[in-house]
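work16.tsv follows; it contains TSV, C-alpha atoms and all ligand atoms.
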```tsv
chain	number	residue	atom	x	y	z
A	121	MET	CA	176.16	25.96	35.75
A	122	ILE	CA	175.81	28.61	33.07
A	123	ARG	CA	173.88	27.35	30.05
A	124	ALA	CA	173.05	30.53	28.12
A	125	VAL	CA	174.55	33.88	27.14
A	126	ILE	CA	172.16	36.72	26.33
A	127	PHE	CA	173.44	39.86	24.65
A	128	ASP	CA	172.00	43.34	24.71
A	129	MET	CA	172.38	44.67	21.15
A	130	ASP	CA	173.17	48.41	21.03
A	131	GLY	CA	176.54	49.18	22.56
A	132	VAL	CA	177.27	45.45	23.01
A	133	LEU	CA	177.08	43.67	19.64
A	134	ILE	CA	176.43	46.74	17.51
A	135	ASP	CA	178.11	50.10	17.93
A	136	ALA	CA	174.80	51.83	17.31
A	137	ARG	CA	174.48	54.32	20.13
A	138	ASP	CA	175.60	57.15	17.86
A	139	TRP	CA	173.35	55.97	15.04
A	140	HIS	CA	170.30	56.21	17.31
A	141	TYR	CA	171.43	59.62	18.50
A	142	GLU	CA	171.99	60.91	14.96
A	143	ALA	CA	168.77	59.42	13.59
A	144	LEU	CA	166.65	60.80	16.43
A	145	ASN	CA	168.18	64.26	16.14
A	146	ARG	CA	167.67	64.29	12.38
A	147	ALA	CA	163.98	63.44	12.90
A	148	LEU	CA	163.57	65.95	15.76
A	149	GLY	CA	165.36	68.60	13.68
A	150	LEU	CA	162.52	68.54	11.14
A	151	PHE	CA	160.36	70.07	13.89
A	152	GLY	CA	162.93	72.39	15.44
A	153	TYR	CA	163.93	70.15	18.36
A	154	LYS	CA	167.40	68.89	19.23
A	155	ILE	CA	169.02	66.89	22.00
A	156	GLY	CA	172.65	67.18	23.09
A	157	ARG	CA	175.08	64.31	22.84
A	158	GLU	CA	175.80	64.24	26.61
A	159	GLU	CA	172.11	64.38	27.39
A	160	HIS	CA	171.53	61.47	25.05
A	161	LEU	CA	174.20	59.32	26.70
A	162	ASP	CA	173.21	60.26	30.26
A	163	VAL	CA	169.44	60.22	30.07
A	164	PHE	CA	168.17	58.59	26.89
A	165	ASP	CA	170.65	55.89	25.91
A	166	GLY	CA	169.13	52.41	25.99
A	167	LEU	CA	165.49	53.51	26.03
A	168	PRO	CA	163.02	52.86	23.21
A	169	THR	CA	162.39	55.86	20.92
A	170	SER	CA	158.77	56.08	22.10
A	171	HIS	CA	159.97	56.55	25.70
A	172	LYS	CA	162.45	59.20	24.64
A	173	LEU	CA	159.68	61.12	22.86
A	174	HIS	CA	157.42	60.97	25.93
A	175	MET	CA	160.27	62.34	28.03
A	176	LEU	CA	160.76	65.20	25.55
A	177	THR	CA	157.05	66.00	25.73
A	178	GLU	CA	157.23	66.20	29.52
A	179	SER	CA	160.47	68.16	29.73
A	180	ARG	CA	160.28	70.37	26.62
A	181	GLY	CA	156.72	70.37	25.42
A	182	LEU	CA	157.26	68.35	22.24
A	183	PRO	CA	153.66	67.98	20.95
A	184	SER	CA	152.57	64.38	21.42
A	185	GLU	CA	150.70	64.46	18.09
A	186	LEU	CA	154.14	64.43	16.44
A	187	HIS	CA	155.33	61.25	18.17
A	188	SER	CA	154.30	58.72	15.55
A	189	LEU	CA	155.65	60.80	12.66
A	190	ILE	CA	158.97	61.48	14.41
A	191	ASN	CA	159.23	57.83	15.40
A	192	GLU	CA	158.65	56.75	11.79
A	193	MET	CA	161.25	59.21	10.46
A	194	LYS	CA	163.73	58.15	13.16
A	195	GLN	CA	163.39	54.47	12.30
A	196	SER	CA	163.85	55.18	8.62
A	197	TYR	CA	167.00	57.26	9.28
A	198	THR	CA	168.29	54.47	11.53
A	199	MET	CA	167.86	51.98	8.68
A	200	ASP	CA	169.83	54.30	6.33
A	201	LEU	CA	172.69	54.40	8.86
A	202	VAL	CA	172.54	50.62	9.35
A	203	ALA	CA	172.85	50.10	5.60
A	204	LEU	CA	175.83	52.47	5.49
A	205	ARG	CA	177.71	51.45	8.62
A	206	CYS	CA	176.67	48.05	9.97
A	207	ARG	CA	179.29	45.40	9.11
A	208	PRO	CA	180.40	42.04	10.52
A	209	VAL	CA	182.95	42.37	13.34
A	210	PHE	CA	185.42	39.53	13.50
A	211	HIS	CA	185.78	39.23	17.30
A	212	HIS	CA	181.98	39.12	17.73
A	213	ARG	CA	181.52	36.38	15.13
A	214	TYR	CA	184.39	34.49	16.74
A	215	ALA	CA	182.94	34.86	20.27
A	216	LEU	CA	179.48	33.68	19.26
A	217	ALA	CA	180.83	30.81	17.15
A	218	ARG	CA	183.01	29.54	20.01
A	219	LEU	CA	180.24	29.87	22.61
A	220	LYS	CA	177.79	28.05	20.36
A	221	GLU	CA	180.34	25.32	19.70
A	222	ALA	CA	180.80	24.95	23.46
A	223	GLY	CA	177.07	24.25	23.77
A	224	TYR	CA	175.74	27.53	25.17
A	225	LYS	CA	172.35	28.79	24.08
A	226	LEU	CA	172.67	32.29	22.64
A	227	ALA	CA	170.19	35.15	22.38
A	228	VAL	CA	169.84	38.88	21.82
A	229	ALA	CA	167.42	40.92	23.94
A	230	SER	CA	167.11	44.53	22.81
A	231	ASN	CA	165.05	47.63	23.56
A	232	SER	CA	165.10	48.32	19.79
A	233	ILE	CA	162.22	47.53	17.48
A	234	ARG	CA	162.02	44.18	15.65
A	235	ALA	CA	163.02	45.61	12.24
A	236	SER	CA	166.24	47.07	13.72
A	237	VAL	CA	167.15	43.85	15.55
A	238	ASP	CA	166.67	41.75	12.41
A	239	ALA	CA	168.49	44.18	10.10
A	240	MET	CA	171.44	44.71	12.45
A	241	MET	CA	171.90	41.02	13.30
A	242	ASP	CA	171.75	40.08	9.61
A	243	ARG	CA	174.20	42.76	8.50
A	244	ALA	CA	176.58	41.85	11.33
A	245	ASP	CA	176.28	38.19	10.23
A	246	LEU	CA	175.27	37.05	13.72
A	247	THR	CA	171.74	35.73	13.09
A	248	ARG	CA	172.97	32.19	12.41
A	249	PHE	CA	174.41	31.86	15.94
A	250	LEU	CA	171.29	33.02	17.79
A	251	ASP	CA	168.62	30.70	19.21
A	252	VAL	CA	166.31	33.57	20.15
A	253	THR	CA	166.09	37.28	19.29
A	254	MET	CA	163.85	39.59	21.31
A	255	SER	CA	162.86	43.18	20.49
A	256	ASN	CA	160.87	45.71	22.49
A	257	GLU	CA	157.85	44.68	20.41
A	258	ASP	CA	157.97	41.17	21.93
A	259	VAL	CA	157.34	42.34	25.51
A	260	SER	CA	154.83	44.64	27.17
A	261	ARG	CA	157.40	46.50	29.30
A	262	ALA	CA	160.83	47.53	27.98
A	263	LYS	CA	164.04	47.59	30.03
A	264	PRO	CA	164.62	48.60	32.86
A	265	HIS	CA	161.71	46.21	33.52
A	266	PRO	CA	163.10	42.62	33.73
A	267	GLU	CA	160.39	41.12	31.47
A	268	ILE	CA	162.55	40.83	28.33
A	269	TYR	CA	165.26	38.86	30.18
A	270	LEU	CA	162.76	36.61	31.97
A	271	GLU	CA	161.00	35.90	28.69
A	272	THR	CA	164.27	35.22	26.83
A	273	CYS	CA	165.37	32.73	29.52
A	274	ALA	CA	161.98	31.01	29.31
A	275	LEU	CA	162.26	30.70	25.51
A	276	LEU	CA	165.81	29.34	25.82
A	277	GLY	CA	164.62	26.85	28.43
A	278	VAL	CA	167.06	28.00	31.12
A	279	ALA	CA	166.61	29.49	34.59
A	280	PRO	CA	167.76	33.13	34.97
A	281	THR	CA	170.48	31.90	37.36
A	282	GLU	CA	171.83	29.78	34.48
A	283	ALA	CA	172.18	32.81	32.20
A	284	VAL	CA	174.90	35.40	31.71
A	285	VAL	CA	173.71	38.73	30.31
A	286	VAL	CA	176.13	41.09	28.56
A	287	GLU	CA	174.99	44.71	28.99
A	288	ASP	CA	176.44	48.20	28.57
A	289	ALA	CA	173.75	50.59	29.83
A	290	GLU	CA	172.26	51.26	33.25
A	291	TYR	CA	168.66	50.46	32.25
A	292	GLY	CA	169.72	47.13	30.83
A	293	VAL	CA	171.88	46.22	33.83
A	294	GLN	CA	168.90	46.91	36.10
A	295	ALA	CA	166.62	44.73	33.96
A	296	ALA	CA	169.08	41.84	33.91
A	297	GLU	CA	169.82	42.05	37.64
A	298	ASN	CA	166.15	42.20	38.55
A	299	ALA	CA	165.53	39.17	36.35
A	300	GLY	CA	168.08	37.27	38.47
A	301	THR	CA	170.71	36.69	35.77
A	302	HIS	CA	174.49	37.17	36.11
A	303	VAL	CA	175.46	40.46	34.49
A	304	LEU	CA	178.72	41.08	32.66
A	305	ARG	CA	178.93	44.84	32.29
A	306	VAL	CA	180.93	46.16	29.34
A	307	ASN	CA	181.89	49.66	28.23
A	308	GLY	CA	181.36	49.04	24.55
A	309	VAL	CA	181.47	46.62	21.62
A	310	GLU	CA	185.26	46.22	21.81
A	311	ASP	CA	184.94	44.61	25.27
A	312	VAL	CA	182.71	41.82	23.97
A	313	THR	CA	185.25	39.07	23.34
A	314	PHE	CA	185.27	35.30	23.74
A	315	ALA	CA	188.01	35.61	26.38
A	316	ALA	CA	186.07	38.13	28.50
A	317	ILE	CA	182.84	36.13	28.36
A	318	SER	CA	184.45	32.76	29.12
A	319	GLN	CA	186.39	34.27	32.00
A	320	PHE	CA	183.18	35.73	33.45
A	321	ILE	CA	181.37	32.38	33.11
A	322	GLN	CA	184.27	30.73	34.94
A	323	GLU	CA	184.10	33.29	37.76
A	324	VAL	CA	180.34	32.82	38.17
A	325	GLU	CA	180.70	29.04	38.26
A	326	ASP	CA	183.65	29.17	40.68
A	327	SER	CA	181.82	31.43	43.09
A	328	SER	CA	178.66	29.33	43.04
A	329	ALA	CA	180.76	26.18	43.64
A	330	ALA	CA	182.43	27.94	46.60
A	331	LEU	CA	179.00	28.88	47.98
A	332	GLN	CA	177.85	25.28	47.73
A	333	ARG	CA	180.92	24.04	49.64
A	334	ALA	CA	180.45	26.64	52.39
B	1	MG	MG	172.82	48.81	25.18
```

Rewrite the structure from the file as structure tokens, please.
Amino acid sequence: MIRAVIFDMDGVLIDARDWHYEALNRALGLFGYKIGREEHLDVFDGLPTSHKLHMLTESRGLPSELHSLINEMKQSYTMDLVALRCRPVFHHRYALARLKEAGYKLAVASNSIRASVDAMMDRADLTRFLDVTMSNEDVSRAKPHPEIYLETCALLGVAPTEAVVVEDAEYGVQAAENAGTHVLRVNGVEDVTFAAISQFIQEVEDSSAALQRA
């Protein structure tokens, strides 16, 4: 039986992949660095900013003394974009309201920092539906490590096999699979609907019932 639904945030509940890309490039631009859009989607998407900066130091010689300053600027630009662009989305509010009403525990588990998770969930008007929110500051190893999903399940009081995780990016899918949860992979925020999630829960429950009969 599925008892919980855990959402990744960026690219799942919040269409923020471009915001992170723009904010990071604006901060890097102050020091003459730039990353391409394709590169961001292929290599960097879904990783914490600190990991991205380490990768840029290894691949392009970005001085590591600049990391904390660039990180600070990036987070502040992200907050500007959140204030400008982050709004409630009807089909997300509807999905979370219906799932909550049906008795599922709900959580967000994100590789973003705590301030971003709180600001984005508040502005999207989703905080009131969530039993637990987890940021990359609440775990010692970010996704693709499974820690954040294991910890979220523990806080919700469910086993990983009783949880559905909604994820859009490769690192997140790996984390959720290695934690032992059932992963619903989506291409973007528009795929995250009550119908899609309830259908996936039904499929998971049907296939585990079939396994038990076999
Ligand atoms: Mg994501």

Check your understanding: Could you name the residues that touch Arg305 (chain A) at 8 Å or less, counting all atoms listed in the file, but leaving out those on the same chain fewer than 5 positions away, as a count of residues only?
Key -> 4

Exercise for review: Could you jot down the CA of Ala136 (chain A) to CA of Ala217 (chain A) separation for me, Å, one decimal place?
Suggested key: 21.9 Å

Review point. At what distance in Å, to one decimal, does CA of Lys263 (chain A) lie from CA of His211 (chain A)?
Key: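 Answer for the CA of His211 (chain A) to CA of Lys263 (chain A) separation: 26.5 Å.
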
Revision key, fill the gap. Between CA of Ala289 (chain A) and CA of Asp162 (chain A) lies a distance of 9.7 Å

Point to revise | A:Arg157, A:Arg180, A:Arg218, A:His140 ranked by distance to ligand MG 1 (chain B), top pick (using all atoms listed in the file) | key: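 The shortest atom-to-atom distance to ligand MG 1 (chain B) comes from A:His140.
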
Check your understanding: So which residues touch region 187-198 of chain A within 12 Å, counting all atoms listed in the file, skipping near sequence neighbours fewer than 2 positions away, as a PyMOL selection string?
Key -> chain A and resi 136-153+168-177+181-185+200-206+232-237+239-240

Exercise for review: Using only C-alpha atoms and all ligand atoms, find each protein or nucleic acid residue lying at most 10 Å from ligand MG 1 (chain B); present the set as a ChimeraX atom specification.
Suggested key: /A:127-137,165-167,229-232,286-293,306-309

Practice item. Quick one: everything within 12 Å of region 313-323 of chain A, counting all atoms listed in the file, minus sequence neighbours fewer than 5 positions away in the same chain. Send it as an MDAnalysis selection string. Key: chainID A and resid 121:127 132:133 209:222 224 281:287 301:306 308 328:330

Is it possible to get the axis-aligned box enclosing region 179-186 of chain A (all listed atoms, 3 Å extra per side) as lines of an AutoDock Vina configuration file, with centre and edge lengths in Å rounded to one decimal?
```
center_x = 155.6
center_y = 67.4
center_z = 23.1
size_x = 15.8
size_y = 12.0
size_z = 19.3
```
